[in-house]
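**Q** See start14.json below, with JSON, C-alpha atoms and all ligand atoms.
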[["chain", "number", "residue", "atom", "x", "y", "z"],
["A", 172, "MET", "CA", 133.54, 204.74, 162.29],
["A", 173, "ASP", "CA", 133.43, 201.52, 160.32],
["A", 174, "ILE", "CA", 130.48, 201.10, 157.95],
["A", 175, "PHE", "CA", 130.16, 197.49, 159.06],
["A", 176, "ASP", "CA", 129.23, 198.70, 162.55],
["A", 177, "ASN", "CA", 125.88, 199.73, 161.09],
["A", 178, "LYS", "CA", 122.92, 197.49, 160.39],
["A", 179, "ILE", "CA", 123.03, 196.58, 156.73],
["A", 180, "LEU", "CA", 119.88, 195.48, 154.95],
["A", 181, "CYS", "CA", 119.92, 193.23, 151.92],
["A", 182, "ASN", "CA", 119.02, 195.27, 148.84],
["A", 183, "LYS", "CA", 117.29, 192.25, 147.30],
["A", 184, "CYS", "CA", 115.01, 191.10, 150.10],
["A", 185, "GLY", "CA", 115.34, 193.73, 152.82],
["A", 186, "LYS", "CA", 116.49, 191.26, 155.46],
["A", 187, "GLU", "CA", 119.20, 192.33, 157.92],
["A", 188, "MET", "CA", 122.56, 190.95, 156.84],
["A", 189, "LYS", "CA", 124.78, 188.99, 159.17],
["A", 190, "LYS", "CA", 128.50, 189.58, 159.76],
["A", 191, "VAL", "CA", 130.68, 186.77, 158.47],
["A", 192, "LEU", "CA", 134.33, 186.13, 157.73],
["A", 193, "VAL", "CA", 135.12, 184.72, 154.30],
["A", 194, "THR", "CA", 138.48, 183.04, 153.77],
["A", 195, "LYS", "CA", 139.96, 183.22, 150.28],
["A", 196, "ASN", "CA", 143.55, 182.32, 149.39],
["A", 197, "GLY", "CA", 144.60, 182.78, 153.01],
["A", 198, "PHE", "CA", 142.92, 186.17, 153.36],
["A", 199, "ASN", "CA", 140.17, 186.72, 155.88],
["A", 200, "LEU", "CA", 137.66, 189.11, 154.40],
["A", 201, "ARG", "CA", 135.06, 190.75, 156.55],
["A", 202, "ALA", "CA", 131.66, 190.56, 154.91],
["A", 203, "VAL", "CA", 127.95, 190.74, 155.54],
["A", 204, "LYS", "CA", 125.72, 188.03, 154.18],
["A", 205, "CYS", "CA", 121.98, 187.70, 153.69],
["A", 206, "GLU", "CA", 120.90, 184.35, 155.09],
["A", 207, "LYS", "CA", 117.86, 184.32, 152.86],
["A", 208, "CYS", "CA", 119.30, 184.92, 149.39],
["A", 209, "ASN", "CA", 123.05, 184.54, 150.06],
["A", 210, "GLU", "CA", 123.81, 188.06, 148.81],
["A", 211, "THR", "CA", 127.28, 188.92, 150.15],
["A", 212, "ILE", "CA", 128.91, 192.32, 150.52],
["A", 213, "TYR", "CA", 132.62, 192.43, 151.31],
["A", 214, "HIS", "CA", 134.16, 195.10, 153.46],
["A", 215, "PRO", "CA", 135.58, 197.65, 150.96],
["A", 216, "ALA", "CA", 138.98, 197.84, 152.66],
["A", 217, "ASP", "CA", 139.38, 194.05, 152.73],
["A", 218, "LEU", "CA", 138.15, 193.73, 149.17],
["A", 219, "LYS", "CA", 140.62, 196.34, 147.97],
["A", 220, "GLU", "CA", 143.47, 194.48, 149.63],
["A", 221, "TYR", "CA", 142.33, 191.17, 148.18],
["A", 222, "GLU", "CA", 142.02, 192.61, 144.68],
["A", 223, "GLU", "CA", 145.54, 193.99, 144.98],
["A", 224, "PHE", "CA", 146.70, 190.48, 145.90],
["A", 225, "ILE", "CA", 144.93, 188.99, 142.85],
["A", 226, "ARG", "CA", 146.56, 191.63, 140.67],
["A", 227, "LEU", "CA", 150.00, 190.73, 142.02],
["A", 228, "LYS", "CA", 149.23, 187.01, 141.81],
["A", 229, "GLN", "CA", 148.62, 187.27, 138.08],
["A", 230, "LYS", "CA", 151.86, 189.08, 137.53],
["A", 231, "GLU", "CA", 155.03, 187.22, 136.71],
["A", 232, "PHE", "CA", 158.29, 188.79, 137.78],
["A", 233, "ASN", "CA", 161.57, 188.02, 136.08],
["A", 234, "VAL", "CA", 164.35, 188.18, 138.59],
["A", 235, "LYS", "CA", 167.97, 187.37, 138.10],
["A", 236, "MET", "CA", 170.01, 184.93, 140.16],
["A", 237, "ARG", "CA", 173.24, 186.33, 141.53],
["A", 238, "MET", "CA", 176.15, 184.43, 142.99],
["A", 239, "VAL", "CA", 176.75, 185.43, 146.61],
["A", 240, "GLY", "CA", 179.56, 183.45, 148.17],
["A", 241, "ASN", "CA", 178.61, 179.83, 147.62],
["A", 242, "SER", "CA", 174.90, 180.49, 147.22],
["A", 243, "TYR", "CA", 172.65, 182.05, 144.70],
["A", 244, "ALA", "CA", 170.55, 185.03, 145.69],
["A", 245, "VAL", "CA", 167.39, 186.25, 144.08],
["A", 246, "SER", "CA", 165.72, 189.54, 144.82],
["A", 247, "ILE", "CA", 162.10, 189.64, 145.81],
["A", 248, "PRO", "CA", 160.42, 192.48, 143.94],
["A", 249, "ARG", "CA", 159.72, 195.56, 146.02],
["A", 250, "GLU", "CA", 156.07, 195.47, 144.99],
["A", 251, "MET", "CA", 155.60, 192.06, 146.63],
["A", 252, "VAL", "CA", 157.43, 192.95, 149.82],
["A", 253, "ASP", "CA", 155.61, 196.27, 150.12],
["A", 254, "PHE", "CA", 152.28, 194.51, 149.79],
["A", 255, "MET", "CA", 153.11, 192.00, 152.51],
["A", 256, "LYS", "CA", 154.49, 194.69, 154.80],
["A", 257, "GLU", "CA", 151.41, 196.80, 154.35],
["A", 258, "GLN", "CA", 149.23, 193.88, 155.25],
["A", 259, "GLU", "CA", 151.10, 192.55, 158.21],
["A", 260, "LYS", "CA", 152.92, 195.71, 159.37],
["A", 261, "MET", "CA", 156.00, 193.60, 159.87],
["A", 262, "ILE", "CA", 157.50, 190.51, 158.39],
["A", 263, "ASN", "CA", 160.19, 188.33, 159.76],
["A", 264, "ASN", "CA", 163.51, 188.40, 157.91],
["A", 265, "PHE", "CA", 163.63, 184.62, 157.79],
["A", 266, "VAL", "CA", 161.80, 182.68, 155.13],
["A", 267, "LYS", "CA", 161.36, 178.98, 154.66],
["A", 268, "MET", "CA", 162.42, 177.66, 151.31],
["A", 269, "CYS", "CA", 161.71, 174.27, 149.85],
["A", 270, "PHE", "CA", 161.39, 172.39, 146.60],
["A", 271, "GLU", "CA", 157.78, 172.15, 145.66],
["A", 272, "GLU", "CA", 158.08, 170.17, 142.44],
["A", 273, "LYS", "CA", 160.49, 169.78, 139.56],
["A", 274, "GLY", "CA", 161.74, 173.25, 138.63],
["A", 275, "LYS", "CA", 159.76, 174.99, 141.34],
["A", 276, "ILE", "CA", 160.97, 176.37, 144.64],
["A", 277, "SER", "CA", 158.59, 177.91, 147.12],
["A", 278, "LEU", "CA", 159.20, 180.52, 149.78],
["A", 279, "LYS", "CA", 157.17, 180.72, 152.94],
["A", 280, "PHE", "CA", 157.15, 183.93, 154.91],
["A", 281, "ASN", "CA", 156.73, 183.88, 158.64],
["A", 282, "LEU", "CA", 153.78, 186.18, 158.94],
["A", 283, "PRO", "CA", 152.74, 186.96, 162.47],
["A", 284, "GLU", "CA", 149.56, 185.22, 163.50],
["A", 285, "LYS", "CA", 146.66, 187.57, 163.82],
["A", 286, "LYS", "CA", 144.63, 187.48, 167.01],
["A", 287, "THR", "CA", 145.73, 183.96, 167.81],
["A", 288, "ARG", "CA", 147.12, 183.75, 171.27],
["A", 289, "VAL", "CA", 149.26, 180.77, 172.05],
["A", 290, "LEU", "CA", 149.93, 179.93, 175.64],
["A", 291, "GLY", "CA", 152.39, 177.29, 176.58],
["A", 292, "PHE", "CA", 153.83, 175.79, 179.68],
["A", 293, "LYS", "CA", 156.41, 173.06, 179.57],
["A", 294, "GLU", "CA", 158.38, 171.26, 182.17],
["A", 295, "ALA", "CA", 161.44, 169.20, 181.52],
["A", 296, "LYS", "CA", 163.69, 167.17, 183.79],
["A", 297, "VAL", "CA", 167.33, 166.42, 183.42],
["A", 298, "ILE", "CA", 167.87, 162.96, 184.81],
["A", 299, "LYS", "CA", 171.19, 161.57, 185.90],
["A", 300, "ASN", "CA", 171.60, 158.11, 187.39],
["A", 301, "GLY", "CA", 167.84, 157.76, 187.51],
["A", 302, "LYS", "CA", 167.43, 160.90, 189.59],
["A", 303, "PRO", "CA", 166.22, 164.27, 188.35],
["A", 304, "ILE", "CA", 168.97, 166.81, 188.88],
["A", 305, "PHE", "CA", 167.54, 169.79, 187.05],
["A", 306, "LEU", "CA", 164.03, 170.99, 186.36],
["A", 307, "ALA", "CA", 163.37, 173.38, 183.51],
["A", 308, "ARG", "CA", 160.18, 175.37, 183.25],
["A", 309, "LYS", "CA", 159.29, 177.13, 180.04],
["A", 310, "VAL", "CA", 156.55, 179.72, 179.91],
["A", 311, "TYR", "CA", 155.35, 181.00, 176.57],
["A", 312, "ASP", "CA", 152.68, 183.55, 175.73],
["A", 313, "SER", "CA", 152.44, 184.88, 172.17],
["A", 314, "ALA", "CA", 150.53, 187.95, 173.37],
["A", 315, "ASN", "CA", 153.28, 188.87, 175.83],
["A", 316, "PRO", "CA", 156.52, 187.69, 174.28],
["A", 317, "LYS", "CA", 158.46, 189.85, 176.73],
["A", 318, "LEU", "CA", 157.37, 187.56, 179.52],
["A", 319, "ASN", "CA", 158.55, 184.39, 177.80],
["A", 320, "LYS", "CA", 161.12, 182.68, 179.91],
["A", 321, "THR", "CA", 162.80, 179.45, 180.72],
["A", 322, "GLU", "CA", 163.71, 178.85, 184.32],
["A", 323, "LEU", "CA", 166.11, 176.26, 185.52],
["A", 324, "TYR", "CA", 165.88, 174.79, 188.99],
["A", 325, "LYS", "CA", 168.32, 172.52, 190.68],
["A", 326, "ASN", "CA", 166.47, 169.57, 192.13],
["A", 327, "ASP", "CA", 166.86, 169.58, 195.88],
["A", 328, "GLU", "CA", 164.46, 166.77, 196.65],
["A", 329, "GLU", "CA", 166.94, 164.09, 197.49],
["B", 401, "ZN", "ZN", 118.65, 188.92, 150.70]]
Is it possible to express this structure as structure tokens?
Ligand SMILES: [Zn+2]
**A**
Amino acid sequence: MDIFDNKILCNKCGKEMKKVLVTKNGFNLRAVKCEKCNETIYHPADLKEYEEFIRLKQKEFNVKMRMVGNSYAVSIPREMVDFMKEQEKMINNFVKMCFEEKGKISLKFNLPEKKTRVLGFKEAKVIKNGKPIFLARKVYDSANPKLNKTELYKNDEE
């Protein structure tokens, strides 16, 4: 059982605290907050994770560039990858890389969206000589990626 499932009273004014979500550096921390005196208590598990992030954030890693074919490769320290994996359970193998400023390159990891369901439906027509010859229907549901599909129909309405 999660301690946050219980009623938590503010130790300063005795008022029942309200569940809130506090966003810090991209982390969503579960917390309870007293509306009267603003006393905030973070969920211990979320706080532990966030503190681990801060610890890693303050650390500077020296990694070496290696020539691989025509590109340079750098290794991402195990500690960083392990932390991300622990948080997200899985990370995509593709990262986005871009120049941020002079002498600074940033990497963006494709972390799966949490609890955000994206539904999409798209229709496209292939037109030839002013007439639609093909219809394409694309169905997308982030919660059921197995059901994602694109269907192609030949247009018979002539
Ligand atoms: Zn209070």
**Q** Which value, in Å to one decimal, gives the distance between atom CA of Asp217 of chain A and atom CA of Ser246 of chain A?
**A**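 About the pair atom CA of Asp217 of chain A and atom CA of Ser246 of chain A: they are 27.9 Å apart.
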**Q** Residues within 10 Å of Cys184 of chain A, please, as a VMD selection string. Count all atoms listed in the file; anything in the same chain fewer than 6 positions from it doesn't count.
**A** chain A and resid 205 207 to 208 210
**Q** Looking at all atoms listed in the file, which of A:Pro215, A:Pro303, A:Gly185, A:Gly197 is the one that sits closest to ligand ZN 401 (chain B)?
**A**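 Of A:Pro215, A:Pro303, A:Gly185, A:Gly197, the one nearest ligand ZN 401 (chain B), counting all atoms listed in the file, is A:Gly185.
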**Q** Give the answer as one residue: which of A:Glu222, A:Asp176, A:Glu257, A:Glu187 has the shortest atom-to-atom distance to ligand ZN 401 (chain B), using all atoms listed in the file?
**A**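 Going through A:Glu222, A:Asp176, A:Glu257, A:Glu187 one by one, the smallest distance to ligand ZN 401 (chain B) is for A:Glu187.
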**Q** A:Lys190, A:Lys195, A:Lys299, A:Lys204: which is nearest ligand ZN 401 (chain B), counting all atoms listed in the file?
**A** A:Lys204
**Q** Which residue gives the smallest distance to ligand ZN 401 (chain B) among A:His214, A:Lys273, A:Lys293, A:Lys186, with all atoms listed in the file counted?
**A**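 Closest to ligand ZN 401 (chain B), using all atoms listed in the file: A:Lys186.
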**Q** From the set A:Glu206, A:Glu272, A:Glu294, A:Glu223, which residue has the shortest atom-to-atom contact distance to ligand ZN 401 (chain B), counting all atoms listed in the file?
**A** A:Glu206
**Q** When you count only C-alpha atoms, which of these residues is closest to Ala295 of chain A: A:Phe254, A:Phe175, A:Tyr221, A:Tyr324?
**A** A:Tyr324
**Q** With 6 Å on each side, where is the centre of the axis-aligned box around all listed atoms of segment 233-251 of chain A, and how long are its edges in Å to one decimal, as lines of an AutoDock Vina configuration file?
**A**
center_x = 167.6
center_y = 187.7
center_z = 142.1
size_x = 36.0
size_y = 27.7
size_z = 24.1
